[in-house]
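Visitor: Sharing input_30.pdb below, PDB, C-alpha atoms, pLDDT in the B column:
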```
ATOM      1  CA  GLN N   6     109.248 130.888 116.206  1.00 81.00           C
ATOM      2  CA  VAL N   7     108.494 131.325 112.511  1.00 88.00           C
ATOM      3  CA  GLN N   8     106.275 129.053 110.469  1.00 94.00           C
ATOM      4  CA  LEU N   9     106.468 128.928 106.674  1.00 96.00           C
ATOM      5  CA  VAL N  10     103.446 127.666 104.762  1.00 94.00           C
ATOM      6  CA  GLU N  11     103.798 126.927 101.065  1.00 95.00           C
ATOM      7  CA  SER N  12     101.164 126.481  98.391  1.00 94.00           C
ATOM      8  CA  GLY N  13     100.878 126.270  94.645  1.00 95.00           C
ATOM      9  CA  GLY N  14     102.613 123.059  93.671  1.00 93.00           C
ATOM     10  CA  GLY N  15     101.061 120.515  91.345  1.00 97.00           C
ATOM     11  CA  LEU N  16     101.262 118.730  88.029  1.00 98.00           C
ATOM     12  CA  VAL N  17     101.864 120.612  84.787  1.00 98.00           C
ATOM     13  CA  GLN N  18     102.917 119.754  81.274  1.00 98.00           C
ATOM     14  CA  ALA N  19     106.304 120.775  79.951  1.00 98.00           C
ATOM     15  CA  GLY N  20     106.224 124.384  78.810  1.00 98.00           C
ATOM     16  CA  GLY N  21     103.569 125.283  81.333  1.00 98.00           C
ATOM     17  CA  SER N  22     103.645 127.563  84.347  1.00 98.00           C
ATOM     18  CA  LEU N  23     103.123 127.336  88.081  1.00 98.00           C
ATOM     19  CA  ARG N  24     103.329 129.863  90.866  1.00 98.00           C
ATOM     20  CA  LEU N  25     104.487 128.939  94.339  1.00 98.00           C
ATOM     21  CA  SER N  26     103.751 131.075  97.338  1.00 98.00           C
ATOM     22  CA  CYS N  27     105.062 131.039 100.881  1.00 97.00           C
ATOM     23  CA  ALA N  28     103.801 132.942 103.874  1.00 95.00           C
ATOM     24  CA  ALA N  29     105.774 133.446 107.065  1.00 93.00           C
ATOM     25  CA  SER N  30     103.917 133.769 110.338  1.00 90.00           C
ATOM     26  CA  GLY N  31     104.663 133.753 114.038  1.00 86.00           C
ATOM     27  CA  SER N  32     105.109 136.097 116.925  1.00 73.00           C
ATOM     28  CA  GLY N  33     107.800 138.687 116.424  1.00 73.00           C
ATOM     29  CA  VAL N  34     108.407 137.647 112.833  1.00 73.00           C
ATOM     30  CA  SER N  35     111.559 139.299 111.560  1.00 85.00           C
ATOM     31  CA  ILE N  36     112.704 137.935 108.232  1.00 90.00           C
ATOM     32  CA  ASN N  37     115.807 138.851 106.258  1.00 93.00           C
ATOM     33  CA  ALA N  38     116.414 136.887 103.057  1.00 95.00           C
ATOM     34  CA  MET N  39     113.841 134.450 101.673  1.00 96.00           C
ATOM     35  CA  GLY N  40     114.211 131.873  98.997  1.00 97.00           C
ATOM     36  CA  TRP N  41     113.211 128.658  97.306  1.00 98.00           C
ATOM     37  CA  TYR N  42     115.136 125.414  97.223  1.00 98.00           C
ATOM     38  CA  ARG N  43     114.315 122.092  95.618  1.00 98.00           C
ATOM     39  CA  GLN N  44     115.206 118.483  96.150  1.00 98.00           C
ATOM     40  CA  THR N  45     114.819 115.243  94.214  1.00 97.00           C
ATOM     41  CA  PRO N  46     115.270 111.745  95.658  1.00 95.00           C
ATOM     42  CA  GLY N  47     118.883 110.870  96.272  1.00 95.00           C
ATOM     43  CA  LYS N  48     120.153 114.391  95.656  1.00 96.00           C
ATOM     44  CA  GLN N  49     121.078 117.284  97.884  1.00 97.00           C
ATOM     45  CA  ARG N  50     118.719 120.182  98.318  1.00 97.00           C
ATOM     46  CA  GLU N  51     119.731 122.938  95.924  1.00 98.00           C
ATOM     47  CA  VAL N  52     119.017 126.629  95.793  1.00 98.00           C
ATOM     48  CA  VAL N  53     116.600 127.802  93.113  1.00 98.00           C
ATOM     49  CA  ALA N  54     116.263 131.509  93.868  1.00 98.00           C
ATOM     50  CA  VAL N  55     116.783 133.884  96.766  1.00 98.00           C
ATOM     51  CA  ILE N  56     115.720 137.449  97.438  1.00 98.00           C
ATOM     52  CA  THR N  57     116.957 139.835 100.096  1.00 96.00           C
ATOM     53  CA  ARG N  58     114.711 142.107 102.063  1.00 94.00           C
ATOM     54  CA  GLY N  59     115.881 144.917  99.811  1.00 95.00           C
ATOM     55  CA  GLY N  60     114.826 143.042  96.703  1.00 96.00           C
ATOM     56  CA  ARG N  61     118.175 141.818  95.437  1.00 97.00           C
ATOM     57  CA  THR N  62     117.742 138.465  93.669  1.00 98.00           C
ATOM     58  CA  ASN N  63     119.919 135.549  92.719  1.00 98.00           C
ATOM     59  CA  TYR N  64     118.992 132.518  90.624  1.00 98.00           C
ATOM     60  CA  ALA N  65     120.392 129.121  89.867  1.00 98.00           C
ATOM     61  CA  ASP N  66     121.751 129.040  86.327  1.00 98.00           C
ATOM     62  CA  SER N  67     119.271 126.316  85.407  1.00 98.00           C
ATOM     63  CA  VAL N  68     116.264 128.580  86.029  1.00 98.00           C
ATOM     64  CA  LYS N  69     117.518 131.984  84.917  1.00 98.00           C
ATOM     65  CA  GLY N  70     115.150 133.573  82.439  1.00 98.00           C
ATOM     66  CA  ARG N  71     112.329 131.174  83.340  1.00 98.00           C
ATOM     67  CA  PHE N  72     111.689 131.697  87.064  1.00 98.00           C
ATOM     68  CA  THR N  73     111.024 134.954  88.889  1.00 98.00           C
ATOM     69  CA  ILE N  74     111.157 135.421  92.639  1.00 98.00           C
ATOM     70  CA  SER N  75     109.399 138.288  94.382  1.00 98.00           C
ATOM     71  CA  ARG N  76     108.340 139.191  97.896  1.00 97.00           C
ATOM     72  CA  ASP N  77     106.009 141.388  99.889  1.00 95.00           C
ATOM     73  CA  ASN N  78     107.793 142.515 103.031  1.00 93.00           C
ATOM     74  CA  ALA N  79     104.634 143.864 104.632  1.00 91.00           C
ATOM     75  CA  LYS N  80     102.929 140.479 104.313  1.00 91.00           C
ATOM     76  CA  ASN N  81     106.071 138.363 104.823  1.00 91.00           C
ATOM     77  CA  THR N  82     105.351 136.431 101.667  1.00 95.00           C
ATOM     78  CA  VAL N  83     107.559 135.227  98.842  1.00 97.00           C
ATOM     79  CA  LEU N  84     106.433 134.072  95.406  1.00 98.00           C
ATOM     80  CA  LEU N  85     108.122 131.986  92.755  1.00 98.00           C
ATOM     81  CA  GLN N  86     106.702 132.325  89.269  1.00 98.00           C
ATOM     82  CA  MET N  87     107.864 129.380  87.190  1.00 98.00           C
ATOM     83  CA  ASN N  88     107.460 129.566  83.418  1.00 98.00           C
ATOM     84  CA  SER N  89     108.592 127.313  80.582  1.00 98.00           C
ATOM     85  CA  LEU N  90     108.775 124.413  82.984  1.00 98.00           C
ATOM     86  CA  LYS N  91     110.849 121.387  82.060  1.00 98.00           C
ATOM     87  CA  PRO N  92     110.659 117.784  83.304  1.00 98.00           C
ATOM     88  CA  GLU N  93     113.979 118.338  85.086  1.00 97.00           C
ATOM     89  CA  ASP N  94     112.266 120.966  87.242  1.00 98.00           C
ATOM     90  CA  THR N  95     110.317 118.157  88.902  1.00 98.00           C
ATOM     91  CA  ALA N  96     111.149 118.207  92.605  1.00 98.00           C
ATOM     92  CA  VAL N  97     109.882 119.030  96.044  1.00 98.00           C
ATOM     93  CA  TYR N  98     110.210 122.783  96.454  1.00 98.00           C
ATOM     94  CA  TYR N  99     110.952 124.238  99.879  1.00 98.00           C
ATOM     95  CA  CYS N 100     110.538 127.778 101.089  1.00 98.00           C
ATOM     96  CA  HIS N 101     113.398 129.093 103.203  1.00 97.00           C
ATOM     97  CA  ALA N 102     113.731 132.164 105.386  1.00 96.00           C
ATOM     98  CA  ASP N 103     116.650 133.664 107.262  1.00 93.00           C
ATOM     99  CA  GLY N 104     116.178 135.599 110.459  1.00 89.00           C
ATOM    100  CA  TYR N 105     118.554 138.208 111.803  1.00 88.00           C
ATOM    101  CA  VAL N 106     120.151 136.211 114.618  1.00 87.00           C
ATOM    102  CA  ALA N 107     121.564 133.191 112.795  1.00 81.00           C
ATOM    103  CA  ASP N 108     118.132 131.570 112.793  1.00 89.00           C
ATOM    104  CA  TYR N 109     116.596 130.059 109.684  1.00 92.00           C
ATOM    105  CA  TYR N 110     113.402 128.244 108.805  1.00 95.00           C
ATOM    106  CA  TRP N 111     112.049 125.766 106.276  1.00 97.00           C
ATOM    107  CA  GLY N 112     108.597 125.141 104.929  1.00 97.00           C
ATOM    108  CA  GLN N 113     107.119 121.685 104.693  1.00 96.00           C
ATOM    109  CA  GLY N 114     107.713 121.400 100.949  1.00 97.00           C
ATOM    110  CA  THR N 115     105.389 121.290  97.965  1.00 97.00           C
ATOM    111  CA  GLN N 116     105.614 118.862  95.070  1.00 97.00           C
ATOM    112  CA  VAL N 117     106.087 120.155  91.546  1.00 98.00           C
ATOM    113  CA  THR N 118     105.791 117.588  88.764  1.00 98.00           C
ATOM    114  CA  VAL N 119     106.403 118.465  85.125  1.00 98.00           C
ATOM    115  CA  SER N 120     105.337 115.857  82.597  1.00 97.00           C
ATOM    116  CA  SER N 121     106.976 115.531  79.207  1.00 94.00           C
TER     117      SER N 121
END
```
Since I need it in another form, could you write the structure as structure tokens?

Guide:
Amino acid sequence: QVQLVESGGGLVQAGGSLRLSCAASGSGVSINAMGWYRQTPGKQREVVAVITRGGRTNYADSVKGRFTISRDNAKNTVLLQMNSLKPEDTAVYYCHADGYVADYYWGQGTQVTVSS
């Protein structure tokens, strides 16, 4: 079983920056792709950014050029650097990890609030 623990959310003014981190732990941890998703009330959870174990990245169009995802395979951690934040980035952000046998995991979520 894999546990994902997120940190780094909070309140920031528009134009500011935040960095989210997520650490995967558990016996026999074997993680493939990792990523960040976000969700606002009444809307479906949407992908923000994903990164493969080899470092290939993909971003939602709405965050390209502002957010950067990175990971440390040795530590099983993934970071999301968020710059030039906008009020529409306000959401609960969830860390996600894919295993190698059709298993996947979610973190508990961390609130990001961007004030105008």

Visitor: Using all atoms listed in the file, what does the table of stretch 97-120 of chain N residues within 12 Å of stretch 55-71 of chain N look like, with each row giving the shortest atom pair and its distance in Å to one decimal, sorted by chain and ascending number, as a Markdown table?

Guide:
```
| residue | atom | partner | partner_atom | distance |
| --- | --- | --- | --- | --- |
| N:Tyr99 | CA | N:Val55 | CA | 11.7 |
| N:Cys100 | CA | N:Val55 | CA | 9.7 |
| N:His101 | CA | N:Val55 | CA | 8.7 |
| N:Ala102 | CA | N:Val55 | CA | 9.3 |
| N:Asp103 | CA | N:Thr57 | CA | 9.5 |
| N:Gly104 | CA | N:Arg58 | CA | 10.7 |
| N:Tyr105 | CA | N:Arg58 | CA | 11.2 |
```

Visitor: Go through N:Lys80, N:Ala38, N:Arg43, N:Arg50 one by one, measure the shortest atom-to-atom distance of each to N:Gly14 using all atoms listed in the file, and give the residue with the smallest value.

Guide: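 Distance minimum relative to N:Gly14 lands on N:Arg43.
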
Visitor: Here's the selection I'm unsure about, the PyMOL selection byres ((chain N and resi 83-89) around 9); applied to the file above, which residues does it give, as number ranges by chain?

Guide: N: 19-29, 39-41, 54, 56, 68, 70-78, 80-82, 90-91, 100

Visitor: For the atom pair atom CA of N:Pro92 and atom CA of N:Val52, what is the interatomic distance in Å to one decimal place?

Guide: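 Value for the atom CA of N:Pro92-atom CA of N:Val52 distance: 17.4 Å.
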
Visitor: If you count all atoms listed in the file, which residues fall within 10 Å of N:Thr118, apart from same-chain ones fewer than 2 positions away, as a PyMOL selection string?

Guide: chain N and resi 14-19+90-97+115-116+120-121
